[in-house]
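Enquirer: To start, I am sharing the structure in question, which I have written as structure tokens.
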Amino acid sequence: MNSVLLQSGLLAQALPVLLHKLANQTQLITGFHAILRMEGGESLVESRSHDLIQAGHNVEQVGWLLAALSSGAGHNLMLARREPRGLIWTVDLVDEILRKQGIEPPGFGQSLPGLTSHAPKGWLLPWVLGCMLFETYREGGNAPAWTLEASNGGEWRLRLPMRPETTTDMARFAANLGEARWEPSEGCLTFPAAWLQPSRA
């Protein structure tokens, strides 16, 4: 298998961020467990149940990202799992990594579509796009914003500001998506409409 993540610096940067997120949730759950052992602890935990629910959602997100990352490194942990929020989670991860490095890349606040059951392998599209975004903005600077929009013909188009030093990497990432087309002169990755579903937000 052509290992998508090992071709990008995203792998090395993602692991510590995901481990930190997981440690935070573990601390929170451990704290709730300690409170439950105290007198009157059950009522206190019940009053903070929204925090416990949020911790569950956060662990679910980190679990998916770790499984996708491992799959990209050549170990298929995703199997048949499909997660509509996979692209949103991956882009949020890239955004967090860049901001921790003092980079505030434009374009990361846009509403993103959900993955459909037609997206290749369930995890591949988010990680290819994640790698492309990370390599585009990792050096900072004043690069223009990226966009992801449906074209008039129905296909999706990811447009990136191109830098000469990333041209080869972008073509290599795009090659992992068999039905996608990479147009380096336009910095545009075009892929089938069926892979994504517009956000209802």
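Identifiers in this document derive from the order of the structure tokens: chains are assigned A, B, ..., residues are numbered from 1 separately in each chain, and ligands are numbered from 1 in order of occurrence.
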Report the closest atom pair, with its distance in Å rounded to one decimal, for each residue of stretch 102-132 of chain A that has an atom no farther than 10 Å from stretch 58-67 of chain A; count only C-alpha atoms, sort by chain and then rising residue number, and write it as a Markdown table.

Expert:
| residue | atom | partner | partner_atom | distance |
| --- | --- | --- | --- | --- |
| A:Trp123 | CA | A:Leu65 | CA | 8.8 |
| A:Pro126 | CA | A:Leu65 | CA | 9.9 |
| A:Trp127 | CA | A:Leu65 | CA | 9.3 |

Enquirer: Which neighbours of A:Arg85 fall inside 10 Å, counting only C-alpha atoms, when residues of the same chain fewer than 3 positions from it are skipped, and could you give them as a list in words?

Expert: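 The neighbour list is Gln61, Trp64, Arg82, Ile88, Trp89, Thr90, Leu112, Pro113, Gly114, Leu115, Thr116 and Pro126 of chain A.
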
Enquirer: Using only N, CA and C atoms, please write the residues we just selected to a file, as a PDB file, in the first residue's frame.

Expert:
ATOM      1  N   GLN A  61     -13.989  10.885  18.751  1.00  0.00           N
ATOM      2  CA  GLN A  61     -13.272  11.614  17.700  1.00  0.00           C
ATOM      3  C   GLN A  61     -11.805  11.207  17.664  1.00  0.00           C
ATOM      4  N   TRP A  64     -11.338   7.703  16.214  1.00  0.00           N
ATOM      5  CA  TRP A  64     -11.434   7.645  14.746  1.00  0.00           C
ATOM      6  C   TRP A  64     -10.154   8.180  14.101  1.00  0.00           C
ATOM      7  N   ARG A  82     -17.492   3.768   8.830  1.00  0.00           N
ATOM      8  CA  ARG A  82     -17.735   5.010   8.100  1.00  0.00           C
ATOM      9  C   ARG A  82     -18.103   6.095   9.107  1.00  0.00           C
ATOM     10  N   ILE A  88     -14.359  16.720   8.724  1.00  0.00           N
ATOM     11  CA  ILE A  88     -14.400  17.838   9.683  1.00  0.00           C
ATOM     12  C   ILE A  88     -13.370  17.628  10.780  1.00  0.00           C
ATOM     13  N   TRP A  89     -13.317  16.410  11.324  1.00  0.00           N
ATOM     14  CA  TRP A  89     -12.370  16.105  12.396  1.00  0.00           C
ATOM     15  C   TRP A  89     -10.925  16.246  11.926  1.00  0.00           C
ATOM     16  N   THR A  90     -10.642  15.769  10.712  1.00  0.00           N
ATOM     17  CA  THR A  90      -9.275  15.823  10.196  1.00  0.00           C
ATOM     18  C   THR A  90      -8.831  17.260   9.946  1.00  0.00           C
ATOM     19  N   LEU A 112     -17.886  22.543   6.386  1.00  0.00           N
ATOM     20  CA  LEU A 112     -17.404  21.441   5.550  1.00  0.00           C
ATOM     21  C   LEU A 112     -18.489  20.382   5.349  1.00  0.00           C
ATOM     22  N   PRO A 113     -18.459  19.702   4.207  1.00  0.00           N
ATOM     23  CA  PRO A 113     -19.432  18.634   3.946  1.00  0.00           C
ATOM     24  C   PRO A 113     -19.091  17.371   4.721  1.00  0.00           C
ATOM     25  N   GLY A 114     -20.064  16.463   4.778  1.00  0.00           N
ATOM     26  CA  GLY A 114     -19.849  15.177   5.429  1.00  0.00           C
ATOM     27  C   GLY A 114     -19.437  14.121   4.431  1.00  0.00           C
ATOM     28  N   LEU A 115     -18.742  13.101   4.919  1.00  0.00           N
ATOM     29  CA  LEU A 115     -18.350  11.977   4.073  1.00  0.00           C
ATOM     30  C   LEU A 115     -19.556  11.084   3.823  1.00  0.00           C
ATOM     31  N   THR A 116     -19.635  10.500   2.655  1.00  0.00           N
ATOM     32  CA  THR A 116     -20.687   9.535   2.344  1.00  0.00           C
ATOM     33  C   THR A 116     -20.103   8.127   2.337  1.00  0.00           C
ATOM     34  N   PRO A 126     -10.294  12.163   3.756  1.00  0.00           N
ATOM     35  CA  PRO A 126      -9.918  13.144   4.776  1.00  0.00           C
ATOM     36  C   PRO A 126      -8.416  13.253   4.988  1.00  0.00           C
TER      37      PRO A 126
END

Enquirer: Give me, as CSV, the closest atom pair and its distance (Å, one decimal) for every residue of stretch 99-165 of chain A within a cut-off of 10 Å of stretch 193-197 of chain A, counting only C-alpha atoms, rows sorted by chain and rising number.

Expert:
residue,atom,partner,partner_atom,distance
A:Leu112,CA,A:Gln197,CA,9.1
A:Pro113,CA,A:Gln197,CA,5.3
A:Gly114,CA,A:Gln197,CA,5.1
A:Leu115,CA,A:Leu196,CA,4.7
A:Thr116,CA,A:Leu196,CA,5.4
A:Ser117,CA,A:Trp195,CA,7.3
A:His118,CA,A:Trp195,CA,5.2
A:Ala119,CA,A:Trp195,CA,4.3
A:Pro120,CA,A:Trp195,CA,7.7
A:Gly122,CA,A:Trp195,CA,9.4
A:Leu125,CA,A:Trp195,CA,8.5
A:Ala150,CA,A:Ala193,CA,7.5
A:Ser151,CA,A:Ala193,CA,8.9
A:Gly153,CA,A:Ala193,CA,8.7
A:Gly154,CA,A:Ala193,CA,5.5
A:Glu155,CA,A:Ala193,CA,4.3
A:Trp156,CA,A:Ala193,CA,5.7
A:Arg157,CA,A:Ala193,CA,9.4

Enquirer: One number please: atom CA of A:Ile53 to atom CA of A:Ser71, in Å, one decimal.

Expert: 27.3 Å

Enquirer: By how many Å are atom CA of A:Gln54 and atom CA of A:Glu39 apart?

Expert: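 Distance between the two atoms: 24.4 Å.
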
Enquirer: Could you check which of A:Asp92, A:Glu149, A:Glu46, A:Glu135 is closest to A:Pro198, using only C-alpha atoms?

Expert: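 Using only C-alpha atoms, the shortest distance to A:Pro198 belongs to A:Glu149.
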
Enquirer: So how far away is atom CA of A:Val17 from atom CA of A:Lys121, in Å?

Expert: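 Result for atom CA of A:Lys121 versus atom CA of A:Val17: 23.9 Å, one decimal.
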
Enquirer: Looking only at alpha helix (DSSP H) from DSSP on the backbone, list the matching residues of stretch 26-192 of chain A as a PyMOL selection string.

Expert: chain A and resi 26-36+41-47+49-72+86-100+124-137+167-174

Enquirer: Quick one: of A:Ala55, A:Ala171, A:Leu44, A:Ala12, who's nearest to A:Thr30, counting only C-alpha atoms?

Expert: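 Answer, going by the shortest atom-to-atom distance: A:Ala55.
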
Enquirer: Find the spatial neighbours of A:Arg163, counting only C-alpha atoms, within a cut-off of 12 Å - ignore same-chain residues fewer than 4 positions away - and output them as an mmCIF file with C-alpha atoms, in the first residue's frame.

Expert:
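Output file out_3.cif is given in full below:
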data_model
loop_
_atom_site.group_PDB
_atom_site.id
_atom_site.type_symbol
_atom_site.label_atom_id
_atom_site.label_comp_id
_atom_site.auth_asym_id
_atom_site.auth_seq_id
_atom_site.Cartn_x
_atom_site.Cartn_y
_atom_site.Cartn_z
ATOM 1 C CA MET A 132 -2.400 18.588 1.366
ATOM 2 C CA GLU A 135 1.943 20.822 3.550
ATOM 3 C CA THR A 136 0.401 23.945 2.020
ATOM 4 C CA TYR A 137 0.347 26.000 5.214
ATOM 5 C CA ARG A 138 3.048 24.492 7.454
ATOM 6 C CA GLU A 139 5.585 27.196 6.542
ATOM 7 C CA GLY A 140 3.198 30.020 7.447
ATOM 8 C CA GLY A 141 3.493 33.160 5.356
ATOM 9 C CA ASN A 142 0.681 35.019 3.672
ATOM 10 C CA ALA A 143 -0.818 32.266 1.544
ATOM 11 C CA PRO A 144 -4.420 32.836 0.385
ATOM 12 C CA THR A 167 4.089 20.669 -6.336
ATOM 13 C CA THR A 168 5.527 17.131 -6.202
ATOM 14 C CA ASP A 169 3.982 16.359 -2.818
ATOM 15 C CA MET A 170 0.525 17.457 -3.942
ATOM 16 C CA PRO A 184 -1.276 21.624 -10.616
ATOM 17 C CA SER A 185 -1.517 24.786 -12.704
ATOM 18 C CA GLU A 186 -4.740 25.688 -10.899
ATOM 19 C CA GLY A 187 -3.913 24.113 -7.537
#

Enquirer: Smallest atom-to-atom distance to A:Leu11: which of A:Ile103, A:Ala145, A:Val94, A:Leu28, using only C-alpha atoms?

Expert: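 Closest candidate: A:Val94.
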